[in-house]
Each structure stands twice: as C-alpha cells, then as structure tokens.
>>> print(open('entry07.cif').read())   # mmCIF, C-alpha atoms and all ligand atoms
data_data
loop_
_atom_site.group_PDB
_atom_site.id
_atom_site.type_symbol
_atom_site.label_atom_id
_atom_site.label_comp_id
_atom_site.auth_asym_id
_atom_site.auth_seq_id
_atom_site.Cartn_x
_atom_site.Cartn_y
_atom_site.Cartn_z
ATOM 1 C CA MET A 212 8.415 19.527 13.182
ATOM 2 C CA GLY A 213 8.930 15.815 12.452
ATOM 3 C CA LEU A 214 7.210 12.454 12.694
ATOM 4 C CA SER A 215 6.051 11.283 16.105
ATOM 5 C CA SER A 216 7.778 7.870 15.798
ATOM 6 C CA ARG A 217 11.186 6.449 14.750
ATOM 7 C CA HIS A 218 9.475 3.759 12.672
ATOM 8 C CA LEU A 219 6.606 3.419 10.190
ATOM 9 C CA LEU A 220 4.779 0.231 11.133
ATOM 10 C CA GLY A 221 1.189 0.968 10.141
ATOM 11 C CA LEU A 222 -1.477 3.634 9.711
ATOM 12 C CA GLN A 223 -3.650 2.459 12.600
ATOM 13 C CA ASN A 224 -3.205 5.117 15.278
ATOM 14 C CA LEU A 225 -0.740 7.131 13.163
ATOM 15 C CA PRO A 226 -1.564 10.752 14.067
ATOM 16 C CA LYS A 227 -3.233 12.935 11.451
ATOM 17 C CA ASP A 228 -0.320 15.408 11.651
ATOM 18 C CA ASP A 229 2.125 12.621 10.706
ATOM 19 C CA ILE A 230 0.036 11.594 7.680
ATOM 20 C CA GLN A 231 -0.324 15.226 6.637
ATOM 21 C CA LEU A 232 3.440 15.771 6.968
ATOM 22 C CA ILE A 233 4.271 12.695 4.855
ATOM 23 C CA LEU A 234 1.763 13.677 2.138
ATOM 24 C CA ASP A 235 3.001 17.304 2.072
ATOM 25 C CA THR A 236 6.670 16.232 1.974
ATOM 26 C CA ALA A 237 5.909 13.855 -0.907
ATOM 27 C CA VAL A 238 4.688 16.814 -2.990
ATOM 28 C CA SER A 239 8.242 18.238 -3.015
ATOM 29 C CA PHE A 240 9.734 14.857 -3.866
ATOM 30 C CA LYS A 241 7.290 14.341 -6.723
ATOM 31 C CA GLU A 242 8.456 17.648 -8.135
ATOM 32 C CA ILE A 243 12.055 16.327 -7.980
ATOM 33 C CA LEU A 244 10.966 13.138 -9.794
ATOM 34 C CA ASN A 245 9.735 15.275 -12.678
ATOM 35 C CA ARG A 246 13.087 17.080 -13.074
ATOM 36 C CA PRO A 247 15.659 16.002 -15.669
ATOM 37 C CA ILE A 248 18.081 15.144 -12.809
ATOM 38 C CA LYS A 249 16.091 13.226 -10.220
ATOM 39 C CA LYS A 250 18.704 12.740 -7.512
ATOM 40 C CA VAL A 251 19.263 14.703 -4.271
ATOM 41 C CA PRO A 252 22.035 14.201 -1.669
ATOM 42 C CA THR A 253 19.644 14.085 1.330
ATOM 43 C CA LEU A 254 20.546 10.602 2.647
ATOM 44 C CA GLN A 255 24.176 10.500 1.508
ATOM 45 C CA GLY A 256 26.166 8.371 3.974
ATOM 46 C CA LYS A 257 23.081 6.407 5.178
ATOM 47 C CA THR A 258 22.798 2.683 4.485
ATOM 48 C CA ILE A 259 19.386 1.100 3.969
ATOM 49 C CA VAL A 260 18.660 -2.617 3.694
ATOM 50 C CA ASN A 261 15.583 -3.926 1.892
ATOM 51 C CA LEU A 262 14.689 -7.187 3.654
ATOM 52 C CA PHE A 263 12.155 -8.929 1.419
ATOM 53 C CA PHE A 264 10.968 -12.337 2.625
ATOM 54 C CA GLU A 265 7.997 -12.287 0.202
ATOM 55 C CA ASN A 266 7.747 -11.594 -3.514
ATOM 56 C CA SER A 267 7.272 -8.014 -4.643
ATOM 57 C CA THR A 268 7.567 -6.040 -7.863
ATOM 58 C CA ARG A 269 6.260 -2.530 -7.162
ATOM 59 C CA THR A 270 7.103 -2.066 -3.492
ATOM 60 C CA ARG A 271 10.676 -3.385 -3.658
ATOM 61 C CA THR A 272 11.647 -1.508 -6.808
ATOM 62 C CA SER A 273 9.853 1.614 -5.579
ATOM 63 C CA PHE A 274 11.745 1.599 -2.250
ATOM 64 C CA GLU A 275 15.045 0.919 -4.000
ATOM 65 C CA LEU A 276 14.489 3.751 -6.471
ATOM 66 C CA ALA A 277 13.439 6.110 -3.665
ATOM 67 C CA GLU A 278 16.569 5.213 -1.672
ATOM 68 C CA ARG A 279 18.852 5.737 -4.682
ATOM 69 C CA ARG A 280 17.144 9.042 -5.572
ATOM 70 C CA LEU A 281 18.016 10.197 -2.026
ATOM 71 C CA SER A 282 21.662 9.046 -2.524
ATOM 72 C CA ALA A 283 21.551 6.373 0.216
ATOM 73 C CA ASP A 284 23.664 3.202 -0.019
ATOM 74 C CA VAL A 285 21.304 0.313 -0.712
ATOM 75 C CA LEU A 286 21.576 -3.343 0.249
ATOM 76 C CA ASN A 287 19.011 -5.750 -1.191
ATOM 77 C CA PHE A 288 18.260 -8.968 0.638
ATOM 78 C CA ALA A 289 16.125 -11.722 -0.893
ATOM 79 C CA ALA A 290 15.149 -14.565 1.439
ATOM 80 C CA ALA A 291 15.394 -17.247 -1.260
ATOM 81 C CA ALA A 292 19.123 -16.563 -1.766
ATOM 82 C CA SER A 293 19.987 -16.141 1.932
ATOM 83 C CA SER A 294 20.797 -18.202 5.025
ATOM 84 C CA VAL A 295 17.058 -18.115 5.868
ATOM 85 C CA THR A 296 16.876 -21.199 3.622
ATOM 86 C CA LYS A 297 19.299 -22.873 6.084
ATOM 87 C CA GLY A 298 16.978 -22.173 9.022
ATOM 88 C CA GLU A 299 18.278 -18.784 10.252
ATOM 89 C CA THR A 300 15.665 -16.851 12.247
ATOM 90 C CA LEU A 301 14.404 -13.357 11.398
ATOM 91 C CA LYS A 302 16.054 -12.064 14.591
ATOM 92 C CA ASP A 303 19.488 -13.502 13.708
ATOM 93 C CA THR A 304 19.250 -12.380 10.081
ATOM 94 C CA ALA A 305 18.345 -8.838 11.106
ATOM 95 C CA ARG A 306 20.998 -8.586 13.860
ATOM 96 C CA ASN A 307 23.736 -9.888 11.571
ATOM 97 C CA ILE A 308 22.837 -7.376 8.894
ATOM 98 C CA GLU A 309 22.664 -4.573 11.448
ATOM 99 C CA ALA A 310 26.159 -5.488 12.696
ATOM 100 C CA MET A 311 27.359 -4.156 9.319
ATOM 101 C CA LYS A 312 26.246 -0.671 10.525
ATOM 102 C CA ILE A 313 23.055 -0.100 8.583
ATOM 103 C CA ASP A 314 20.750 2.819 9.420
ATOM 104 C CA MET A 315 17.308 1.777 8.172
ATOM 105 C CA VAL A 316 15.484 -1.490 7.429
ATOM 106 C CA VAL A 317 12.590 -1.888 5.012
ATOM 107 C CA ILE A 318 10.894 -5.225 5.665
ATOM 108 C CA ARG A 319 8.286 -7.300 3.862
ATOM 109 C CA HIS A 320 7.367 -10.556 5.583
ATOM 110 C CA ASN A 321 4.437 -12.951 5.535
ATOM 111 C CA ALA A 322 4.012 -12.770 9.328
ATOM 112 C CA ALA A 323 1.781 -10.044 10.756
ATOM 113 C CA GLY A 324 3.766 -8.143 13.383
ATOM 114 C CA SER A 325 7.193 -8.885 11.876
ATOM 115 C CA ALA A 326 8.051 -5.189 11.408
ATOM 116 C CA HIS A 327 7.002 -4.450 14.980
ATOM 117 C CA PHE A 328 9.110 -7.400 16.200
ATOM 118 C CA LEU A 329 12.137 -6.024 14.357
ATOM 119 C CA THR A 330 11.958 -2.737 16.282
ATOM 120 C CA HIS A 331 12.787 -4.736 19.422
ATOM 121 C CA VAL A 332 15.873 -6.446 17.961
ATOM 122 C CA VAL A 333 17.587 -3.702 15.908
ATOM 123 C CA GLN A 334 18.480 -0.060 16.552
ATOM 124 C CA ALA A 335 17.807 1.000 12.942
ATOM 125 C CA ASN A 336 14.610 2.746 11.800
ATOM 126 C CA VAL A 337 12.119 0.131 10.582
ATOM 127 C CA ILE A 338 9.639 0.619 7.725
ATOM 128 C CA ASN A 339 6.901 -1.938 7.147
ATOM 129 C CA ALA A 340 6.636 -2.816 3.434
ATOM 130 C CA GLY A 341 3.779 -5.277 4.083
ATOM 131 C CA ASP A 342 3.440 -7.725 7.008
ATOM 132 C CA GLY A 343 1.161 -10.665 6.311
ATOM 133 C CA GLN A 344 -2.499 -9.671 6.308
ATOM 134 C CA HIS A 345 -1.888 -6.824 8.743
ATOM 135 C CA GLU A 346 -0.752 -3.516 7.144
ATOM 136 C CA HIS A 347 1.003 -2.015 4.111
ATOM 137 C CA PRO A 348 1.360 1.604 5.247
ATOM 138 C CA THR A 349 3.276 3.062 2.296
ATOM 139 C CA GLN A 350 0.640 1.625 -0.077
ATOM 140 C CA GLY A 351 -2.095 3.294 1.997
ATOM 141 C CA LEU A 352 -0.160 6.566 1.938
ATOM 142 C CA LEU A 353 0.430 6.500 -1.817
ATOM 143 C CA ASP A 354 -3.247 5.733 -2.418
ATOM 144 C CA MET A 355 -4.203 8.709 -0.219
ATOM 145 C CA TYR A 356 -1.637 10.905 -1.973
ATOM 146 C CA SER A 357 -3.086 9.949 -5.385
ATOM 147 C CA LEU A 358 -6.620 10.755 -4.199
ATOM 148 C CA ARG A 359 -5.600 14.060 -2.605
ATOM 149 C CA GLU A 360 -3.764 15.062 -5.778
ATOM 150 C CA LYS A 361 -6.849 14.305 -7.861
ATOM 151 C CA PHE A 362 -9.565 15.693 -5.574
ATOM 152 C CA GLY A 363 -7.685 18.399 -3.630
ATOM 153 C CA GLU A 364 -8.570 17.032 -0.195
ATOM 154 C CA LEU A 365 -9.437 13.776 1.538
ATOM 155 C CA ALA A 366 -11.975 15.054 4.075
ATOM 156 C CA GLY A 367 -15.469 14.131 2.943
ATOM 157 C CA LEU A 368 -14.269 12.006 0.014
ATOM 158 C CA ARG A 369 -16.301 8.823 -0.494
ATOM 159 C CA VAL A 370 -13.991 5.883 -1.150
ATOM 160 C CA CYS A 371 -14.971 2.230 -1.542
ATOM 161 C CA ILE A 372 -12.493 -0.667 -1.382
ATOM 162 C CA ILE A 373 -13.711 -3.663 -3.370
ATOM 163 C CA GLY A 374 -12.533 -7.269 -3.367
ATOM 164 C CA ASP A 375 -10.784 -9.498 -0.882
ATOM 165 C CA ILE A 376 -10.949 -7.296 2.212
ATOM 166 C CA LEU A 377 -10.475 -10.294 4.528
ATOM 167 C CA HIS A 378 -6.895 -11.088 3.490
ATOM 168 C CA SER A 379 -5.829 -7.565 2.498
ATOM 169 C CA ARG A 380 -3.195 -5.486 4.286
ATOM 170 C CA VAL A 381 -3.798 -2.764 1.677
ATOM 171 C CA ALA A 382 -7.470 -2.534 2.718
ATOM 172 C CA ARG A 383 -6.586 -2.213 6.405
ATOM 173 C CA SER A 384 -4.008 0.549 5.856
ATOM 174 C CA ASN A 385 -6.387 2.435 3.554
ATOM 175 C CA ILE A 386 -9.285 2.195 6.019
ATOM 176 C CA TYR A 387 -7.205 3.476 8.954
ATOM 177 C CA GLY A 388 -5.474 6.240 7.006
ATOM 178 C CA LEU A 389 -8.500 7.514 5.078
ATOM 179 C CA GLN A 390 -10.659 7.604 8.194
ATOM 180 C CA THR A 391 -7.998 9.575 10.087
ATOM 181 C CA MET A 392 -8.040 12.097 7.246
ATOM 182 C CA GLY A 393 -11.843 12.401 7.377
ATOM 183 C CA ALA A 394 -12.826 10.363 4.304
ATOM 184 C CA GLU A 395 -15.959 8.192 4.246
ATOM 185 C CA VAL A 396 -14.882 4.584 3.637
ATOM 186 C CA SER A 397 -16.973 1.625 2.514
ATOM 187 C CA VAL A 398 -16.084 -1.919 1.460
ATOM 188 C CA CYS A 399 -17.678 -4.228 -1.096
ATOM 189 C CA GLY A 400 -17.230 -7.907 -1.863
ATOM 190 C CA PRO A 401 -18.670 -11.377 -1.337
ATOM 191 C CA ALA A 402 -19.638 -12.048 2.297
ATOM 192 C CA THR A 403 -16.899 -14.700 2.495
ATOM 193 C CA LEU A 404 -14.218 -12.065 1.804
ATOM 194 C CA ILE A 405 -15.461 -9.381 4.222
ATOM 195 C CA PRO A 406 -14.153 -9.644 7.818
ATOM 196 C CA LYS A 407 -16.836 -10.213 10.453
ATOM 197 C CA GLU A 408 -17.766 -7.071 12.379
ATOM 198 C CA ILE A 409 -15.810 -4.778 10.057
ATOM 199 C CA GLU A 410 -18.649 -2.264 10.579
ATOM 200 C CA LYS A 411 -17.120 -1.669 14.016
ATOM 201 C CA LEU A 412 -14.282 0.141 12.222
ATOM 202 C CA GLY A 413 -16.889 2.615 10.975
ATOM 203 C CA VAL A 414 -17.061 1.382 7.363
ATOM 204 C CA LYS A 415 -20.259 0.643 5.433
ATOM 205 C CA VAL A 416 -20.504 -2.821 3.882
ATOM 206 C CA TYR A 417 -21.952 -3.539 0.425
ATOM 207 C CA HIS A 418 -22.383 -6.855 -1.341
ATOM 208 C CA HIS A 419 -23.620 -5.458 -4.677
ATOM 209 C CA ILE A 420 -21.277 -3.308 -6.721
ATOM 210 C CA ASP A 421 -24.157 -1.576 -8.533
ATOM 211 C CA ASP A 422 -25.395 -0.231 -5.163
ATOM 212 C CA VAL A 423 -21.995 1.319 -4.471
ATOM 213 C CA LEU A 424 -20.929 2.978 -7.720
ATOM 214 C CA PRO A 425 -23.483 5.846 -7.808
ATOM 215 C CA ASN A 426 -22.566 6.832 -4.213
ATOM 216 C CA ILE A 427 -18.770 7.099 -4.318
ATOM 217 C CA ASP A 428 -16.005 9.289 -5.739
ATOM 218 C CA ALA A 429 -13.297 6.617 -5.948
ATOM 219 C CA LEU A 430 -13.041 2.840 -6.038
ATOM 220 C CA ASN A 431 -9.887 1.078 -4.863
ATOM 221 C CA VAL A 432 -9.947 -2.331 -6.567
ATOM 222 C CA LEU A 433 -8.020 -5.116 -4.818
ATOM 223 C CA ARG A 434 -6.342 -8.027 -6.532
ATOM 224 C CA ILE A 435 -8.221 -11.284 -6.252
ATOM 225 C CA GLN A 436 -5.583 -13.693 -4.982
ATOM 226 C CA LEU A 437 -5.967 -16.654 -7.306
ATOM 227 C CA GLU A 438 -5.506 -19.190 -4.511
ATOM 228 C CA ARG A 439 -8.753 -17.949 -2.901
ATOM 229 C CA GLU A 440 -10.745 -19.756 -5.615
ATOM 230 C CA ALA A 441 -9.277 -23.083 -4.456
ATOM 231 C CA GLY A 442 -9.956 -22.029 -0.837
ATOM 232 C CA GLY A 443 -13.697 -21.946 -1.586
ATOM 233 C CA PHE A 444 -14.164 -18.222 -0.923
ATOM 234 C CA PHE A 445 -16.061 -17.902 -4.234
ATOM 235 C CA PRO A 446 -17.122 -20.501 -6.810
ATOM 236 C CA SER A 447 -14.943 -19.398 -9.760
ATOM 237 C CA LEU A 448 -13.000 -16.428 -11.124
ATOM 238 C CA ARG A 449 -15.629 -16.120 -13.865
ATOM 239 C CA GLU A 450 -18.385 -15.825 -11.310
ATOM 240 C CA TYR A 451 -16.366 -13.302 -9.278
ATOM 241 C CA HIS A 452 -15.966 -11.177 -12.407
ATOM 242 C CA ARG A 453 -19.660 -11.445 -13.184
ATOM 243 C CA PHE A 454 -20.747 -10.143 -9.784
ATOM 244 C CA PHE A 455 -17.873 -7.920 -8.656
ATOM 245 C CA GLY A 456 -15.755 -7.202 -11.747
ATOM 246 C CA VAL A 457 -15.324 -3.474 -12.438
ATOM 247 C CA THR A 458 -16.274 -2.988 -16.084
ATOM 248 C CA GLU A 459 -16.887 -0.021 -18.389
ATOM 249 C CA GLU A 460 -20.527 -1.050 -18.725
ATOM 250 C CA ARG A 461 -21.042 -1.000 -14.934
ATOM 251 C CA LEU A 462 -19.299 2.351 -14.570
ATOM 252 C CA LYS A 463 -21.494 3.843 -17.336
ATOM 253 C CA ARG A 464 -24.610 2.610 -15.536
ATOM 254 C CA ALA A 465 -23.475 4.487 -12.411
ATOM 255 C CA GLY A 466 -24.117 7.700 -14.341
ATOM 256 C CA LYS A 467 -21.082 9.559 -12.976
ATOM 257 C CA PRO A 468 -17.310 9.235 -13.301
ATOM 258 C CA VAL A 469 -15.657 7.097 -10.625
ATOM 259 C CA THR A 470 -11.903 7.322 -10.127
ATOM 260 C CA ILE A 471 -10.231 3.910 -10.189
ATOM 261 C CA LEU A 472 -7.246 2.833 -8.110
ATOM 262 C CA HIS A 473 -5.532 -0.558 -7.915
ATOM 263 C CA PRO A 474 -2.446 -1.381 -5.816
ATOM 264 C CA GLY A 475 -1.297 -4.021 -8.323
ATOM 265 C CA PRO A 476 -0.554 -6.595 -9.489
ATOM 266 C CA ILE A 477 -3.744 -6.627 -11.610
ATOM 267 C CA ASN A 478 -5.583 -9.737 -12.743
ATOM 268 C CA ARG A 479 -7.029 -8.229 -15.902
ATOM 269 C CA ASP A 480 -10.625 -9.234 -16.598
ATOM 270 C CA VAL A 481 -11.006 -10.757 -13.140
ATOM 271 C CA GLU A 482 -11.404 -7.863 -10.682
ATOM 272 C CA LEU A 483 -11.005 -5.159 -13.329
ATOM 273 C CA SER A 484 -11.568 -5.108 -17.080
ATOM 274 C CA ALA A 485 -8.638 -4.065 -19.264
ATOM 275 C CA ASP A 486 -10.468 -1.012 -20.678
ATOM 276 C CA VAL A 487 -11.141 0.351 -17.193
ATOM 277 C CA ALA A 488 -7.555 -0.321 -16.038
ATOM 278 C CA ASP A 489 -6.224 1.655 -19.010
ATOM 279 C CA GLY A 490 -9.113 4.138 -19.185
ATOM 280 C CA PRO A 491 -9.294 7.893 -18.519
ATOM 281 C CA HIS A 492 -10.468 7.561 -14.898
ATOM 282 C CA SER A 493 -7.699 5.147 -13.880
ATOM 283 C CA LEU A 494 -4.950 6.439 -11.558
ATOM 284 C CA ILE A 495 -3.061 3.140 -11.602
ATOM 285 C CA LEU A 496 0.192 4.274 -13.240
ATOM 286 C CA GLU A 497 0.114 7.608 -11.386
ATOM 287 C CA GLN A 498 -0.070 5.562 -8.152
ATOM 288 C CA VAL A 499 3.214 3.874 -9.118
ATOM 289 C CA LEU A 500 4.995 7.230 -9.580
ATOM 290 C CA ASN A 501 3.425 8.603 -6.392
ATOM 291 C CA GLY A 502 4.703 5.514 -4.572
ATOM 292 C CA VAL A 503 8.294 6.602 -5.205
ATOM 293 C CA ALA A 504 7.558 10.136 -3.935
ATOM 294 C CA ILE A 505 5.807 8.799 -0.801
ATOM 295 C CA ARG A 506 8.675 6.401 -0.032
ATOM 296 C CA MET A 507 11.215 9.201 -0.522
ATOM 297 C CA ALA A 508 9.205 11.311 1.941
ATOM 298 C CA VAL A 509 9.049 8.523 4.558
ATOM 299 C CA LEU A 510 12.767 7.689 4.193
ATOM 300 C CA TYR A 511 13.702 11.370 4.387
ATOM 301 C CA LEU A 512 11.531 12.104 7.438
ATOM 302 C CA LEU A 513 12.782 9.035 9.348
ATOM 303 C CA GLY A 514 16.378 9.256 8.143
ATOM 304 C CA THR A 515 16.905 12.892 9.132
ATOM 305 C CA GLN A 516 15.206 12.789 12.557
ATOM 306 C CA GLN A 517 17.263 14.291 15.426
HETATM 307 N N1 LIG A 601 1.196 -3.166 -4.261
HETATM 308 C C1 LIG A 601 2.138 -4.067 -3.908
HETATM 309 O O1 LIG A 601 2.450 -4.269 -2.733
HETATM 310 O O2 LIG A 601 2.725 -4.711 -4.979
HETATM 311 P P1 LIG A 601 3.944 -5.712 -4.875
HETATM 312 O O3 LIG A 601 3.459 -6.955 -4.172
HETATM 313 O O4 LIG A 601 4.385 -5.958 -6.303
HETATM 314 O O5 LIG A 601 5.025 -5.053 -4.055
#
>>> encode(input="entry07.cif", output="structure tokens", more="lines below")
Ligand code: CP
Amino acid sequence: MGLSSRHLLGLQNLPKDDIQLILDTAVSFKEILNRPIKKVPTLQGKTIVNLFFENSTRTRTSFELAERRLSADVLNFAAAASSVTKGETLKDTARNIEAMKIDMVVIRHNAAGSAHFLTHVVQANVINAGDGQHEHPTQGLLDMYSLREKFGELAGLRVCIIGDILHSRVARSNIYGLQTMGAEVSVCGPATLIPKEIEKLGVKVYHHIDDVLPNIDALNVLRIQLEREAGGFFPSLREYHRFFGVTEERLKRAGKPVTILHPGPINRDVELSADVADGPHSLILEQVLNGVAIRMAVLYLLGTQQ
C-alpha cells in the first residue's frame, strides 16, 4: 500500500487513507529521531533538491535534516544566489537542475500553483513546501500529527485557527486535512482577515476569542504578518493583541486547558504572549520535531514508490 499520487501538492482532496498512511509512517520515523544514531539508509542513492524562492527557517532546515536522516544526497538552491536574479524562469531553472539527474524537488515559491506547475515540467517527484497563499501541506500534516499524538485521534477534535486566515496557506492546509480526518474546525480573527464565504468550507467563524476558547480542544495561532498593519487590515499591532492576542489571562478565563500550536515564526506578545508560547499547554517545539518526522515520512513514501 502506498500514496495515491507521485507528488504532494496540497491537502485539499488528498484521500483520508493517504493522510493516515503519512501520519502512521511518521510515528516510526519519530522513533528513529529519538535514537542515539538518527540516520537510516532508506533513500541512499537518491538526490533531492530544495528549491526555495522565499525565505524559510523551519521548513527548509526541517526538509534538509529529514533528507540527510534518510541518507539522500541534498542540493540546496536559494533564489537570491541563483540565475533567477538574472531573469531565468522557474521552468528553465527547474529543467536545468533536473538535467543533473535529480529524483525529487521540494519547492517553496510565492506564486500559488507553482508546485503544481512544476509537475508538468519535470519528471521528479514534487513536494510543495508552501506556494503563495495557497497550501503548505507538510505544515498541515505536522500540525495534525502533533494533535493526534496529544489527543489520540483527530475525529471529533475541536480545533480553532486564529489570526490572518485570509493570507494563510497554513490555515488552508489545516482546514482541508483536519476536516478529512473528521475534526471540527473553526476560525477566528478580525473580519478583514477572514476570507468571504469561508463558511462554505464547513468551518464556523468567530470574531471574539473569548467566545471560542471554552468550546475548543486546541488553538492553532497564526503569525500576524507585520506588513498587514500597513495594509490597513487592522489599526495597530497593539490593538490586534488586545482583541485577539492569546494570553494566560484569557486562557484561564476559558476555565479549561486549551492546547496551543503555532507554525512559527512567532511574533511574541502580538498574536501570542511569551508565557503561553513557553507554557505547559504549548506544543510549539514538539511541532518542530514532528515536522522532521512528517517530512521523512513523505520523502520515504514518495521516494520508494514503484
Ligand atoms: N512554518 C513555516 O513555514 O516556517 P518557515 O517560514 O520558517 O519555513
């Protein structure tokens, strides 16, 4: 039994069996990550290129570590130091790199659909590491893995995503993936940062954080992109924190523990107070470790397909 596709482009329409297989496979890889020797020969002889056209800390290092833990040969490409700065297109860049006989491409790009486009121009397996405001499937998977590890199962779990839903690929991947697995998903944020008609995806919409907290098991807190203040989506970061900031005081008022996730990078004391980020109900650093296990699982399942 394997994945139903040669690529991982998004969680929208990804079958439940595929998600289940990735999450189950990641359990074995997490166990390997906790061993004294964390390397296995599974992808020996495979070459993987990380094509990053946008900045990244967690996702790029997490993919690279996952690839090295699986013994693949790794090629890192950063747009700023490449011929992209001389006007080369994504298609030419990708085809030139593939001519060097690579097996898999991990791509992050600011254009929605870029990973999908790449599947039409290269033979290699393509993994989407974030395409514009569209999807970030491995982030969605690692969030689901972290929740399943904590709660035992995803079906029936009540998860709210709070913050800038409008511009967030993490929100979209989480909504699609969690719903496929039977979780109940809601979103919360200022009206200006909630996409119109998002209810049609089957999510509940809240505009007051205090209405949400007593009714959920977990809260996935999104980074407030600082440029959104200048874009007029909310009056000031201070005001955002006042109305939507996740603080210890607010969580206490909810009267029950709420598990906290954040995909990073965090703006401390904007969307999340420092004591909550570092507190006992935060899964934030566990998410980072789980990200390596999830990426190992995806690379393994795609890289060993017949
Ligand atoms: N979560 C996430 O995508 O972080 P980076 O932008 O640092 O990769």
>>> resolve_selection(input="entry07.cif", expression="the PyMOL selection byres (((not hetatm)) within 6 of (chain A and resi 601))", output="ChimeraX atom specification")
/A:267-271,474-476
>>> write_last_selection(input="entry07.cif", atoms="C-alpha atoms", output="PDB file, keeping the file's coordinate frame")
ATOM      1  CA  SER A 267       7.272  -8.014  -4.643  1.00  0.00           C
ATOM      2  CA  THR A 268       7.567  -6.040  -7.863  1.00  0.00           C
ATOM      3  CA  ARG A 269       6.260  -2.530  -7.162  1.00  0.00           C
ATOM      4  CA  THR A 270       7.103  -2.066  -3.492  1.00  0.00           C
ATOM      5  CA  ARG A 271      10.676  -3.385  -3.658  1.00  0.00           C
ATOM      6  CA  PRO A 474      -2.446  -1.381  -5.816  1.00  0.00           C
ATOM      7  CA  GLY A 475      -1.297  -4.021  -8.323  1.00  0.00           C
ATOM      8  CA  PRO A 476      -0.554  -6.595  -9.489  1.00  0.00           C
TER       9      PRO A 476
END
>>> residues_around(input="entry07.cif", residues="region 332-336 of chain A", least_positions_apart="5", cutoff="10 Å", atoms="all atoms listed in the file", output="ChimeraX atom specification")
/A:216-219,258-260,301-303,305-310,312-317,327,510,513-514
>>> closest_residue(input="entry07.cif", among="A:Leu404, A:Ile243, A:Ile376, A:Leu222", to="Glu440 (chain A)", atoms="only C-alpha atoms")
A:Leu404
>>> residues_around(input="entry07.cif", residues="Gly351 (chain A)", least_positions_apart="5", cutoff="7 Å", atoms="all atoms listed in the file", output="PyMOL selection string")
chain A and resi 381+384-385+388
>>> closest_atom_pairs(input="entry07.cif", of="region 286-399 of chain A", to="region 478-493 of chain A", cutoff="10 Å", atoms="all atoms listed in the file", output="CSV")
residue,atom,partner,partner_atom,distance
A:Ile373,CA,A:Glu482,CA,8.7
A:Gly374,CA,A:Glu482,CA,7.4
A:Asp375,CA,A:Glu482,CA,10.0
>>> atom_distance(input="entry07.cif", atom1="CA of Leu368 (chain A)", atom2="CA of Ala394 (chain A)")
4.8 Å
>>> resolve_selection(input="entry07.cif", expression="the PyMOL selection byres (((chain A and resi 437) around 10) and not hetatm)", output="ChimeraX atom specification")
/A:434-436,438-442,447-448,478,481
>>> write_last_selection(input="entry07.cif", atoms="C-alpha atoms", output="tab-separated table (two decimals), in the coordinates of the input")
chain	number	residue	atom	x	y	z
A	434	ARG	CA	-6.34	-8.03	-6.53
A	435	ILE	CA	-8.22	-11.28	-6.25
A	436	GLN	CA	-5.58	-13.69	-4.98
A	438	GLU	CA	-5.51	-19.19	-4.51
A	439	ARG	CA	-8.75	-17.95	-2.90
A	440	GLU	CA	-10.74	-19.76	-5.62
A	441	ALA	CA	-9.28	-23.08	-4.46
A	442	GLY	CA	-9.96	-22.03	-0.84
A	447	SER	CA	-14.94	-19.40	-9.76
A	448	LEU	CA	-13.00	-16.43	-11.12
A	478	ASN	CA	-5.58	-9.74	-12.74
A	481	VAL	CA	-11.01	-10.76	-13.14
>>> atom_distance(input="entry07.cif", atom1="CA of Lys257 (chain A)", atom2="CA of Thr515 (chain A)")
9.8 Å
>>> resolve_selection(input="entry07.cif", expression="the PyMOL selection byres (((chain A and resi 279) around 10) and not hetatm)", output="JSON list (two decimals) with C-alpha atoms, keeping the file's coordinate frame")
[["chain", "number", "residue", "atom", "x", "y", "z"],
["A", 249, "LYS", "CA", 16.09, 13.23, -10.22],
["A", 250, "LYS", "CA", 18.70, 12.74, -7.51],
["A", 251, "VAL", "CA", 19.26, 14.70, -4.27],
["A", 252, "PRO", "CA", 22.04, 14.20, -1.67],
["A", 254, "LEU", "CA", 20.55, 10.60, 2.65],
["A", 255, "GLN", "CA", 24.18, 10.50, 1.51],
["A", 259, "ILE", "CA", 19.39, 1.10, 3.97],
["A", 273, "SER", "CA", 9.85, 1.61, -5.58],
["A", 274, "PHE", "CA", 11.74, 1.60, -2.25],
["A", 275, "GLU", "CA", 15.04, 0.92, -4.00],
["A", 276, "LEU", "CA", 14.49, 3.75, -6.47],
["A", 277, "ALA", "CA", 13.44, 6.11, -3.66],
["A", 278, "GLU", "CA", 16.57, 5.21, -1.67],
["A", 280, "ARG", "CA", 17.14, 9.04, -5.57],
["A", 281, "LEU", "CA", 18.02, 10.20, -2.03],
["A", 282, "SER", "CA", 21.66, 9.05, -2.52],
["A", 283, "ALA", "CA", 21.55, 6.37, 0.22],
["A", 284, "ASP", "CA", 23.66, 3.20, -0.02],
["A", 285, "VAL", "CA", 21.30, 0.31, -0.71],
["A", 507, "MET", "CA", 11.22, 9.20, -0.52]]
>>> closest_atom_pairs(input="entry07.cif", of="region 305-396 of chain A", to="region 412-419 of chain A", cutoff="9 Å", atoms="only C-alpha atoms", output="JSON lines")
{"residue": "A:Cys371", "atom": "CA", "partner": "A:Lys415", "partner_atom": "CA", "distance": 8.9}
{"residue": "A:Ile386", "atom": "CA", "partner": "A:Val414", "partner_atom": "CA", "distance": 7.9}
{"residue": "A:Tyr387", "atom": "CA", "partner": "A:Leu412", "partner_atom": "CA", "distance": 8.5}
{"residue": "A:Gln390", "atom": "CA", "partner": "A:Gly413", "partner_atom": "CA", "distance": 8.5}
{"residue": "A:Glu395", "atom": "CA", "partner": "A:Val414", "partner_atom": "CA", "distance": 7.6}
{"residue": "A:Val396", "atom": "CA", "partner": "A:Val414", "partner_atom": "CA", "distance": 5.4}
>>> closest_residue(input="entry07.cif", among="A:Ala508, A:Asn266, A:Val499, A:Asn426", to="Asp229 (chain A)", atoms="all atoms listed in the file")
A:Ala508
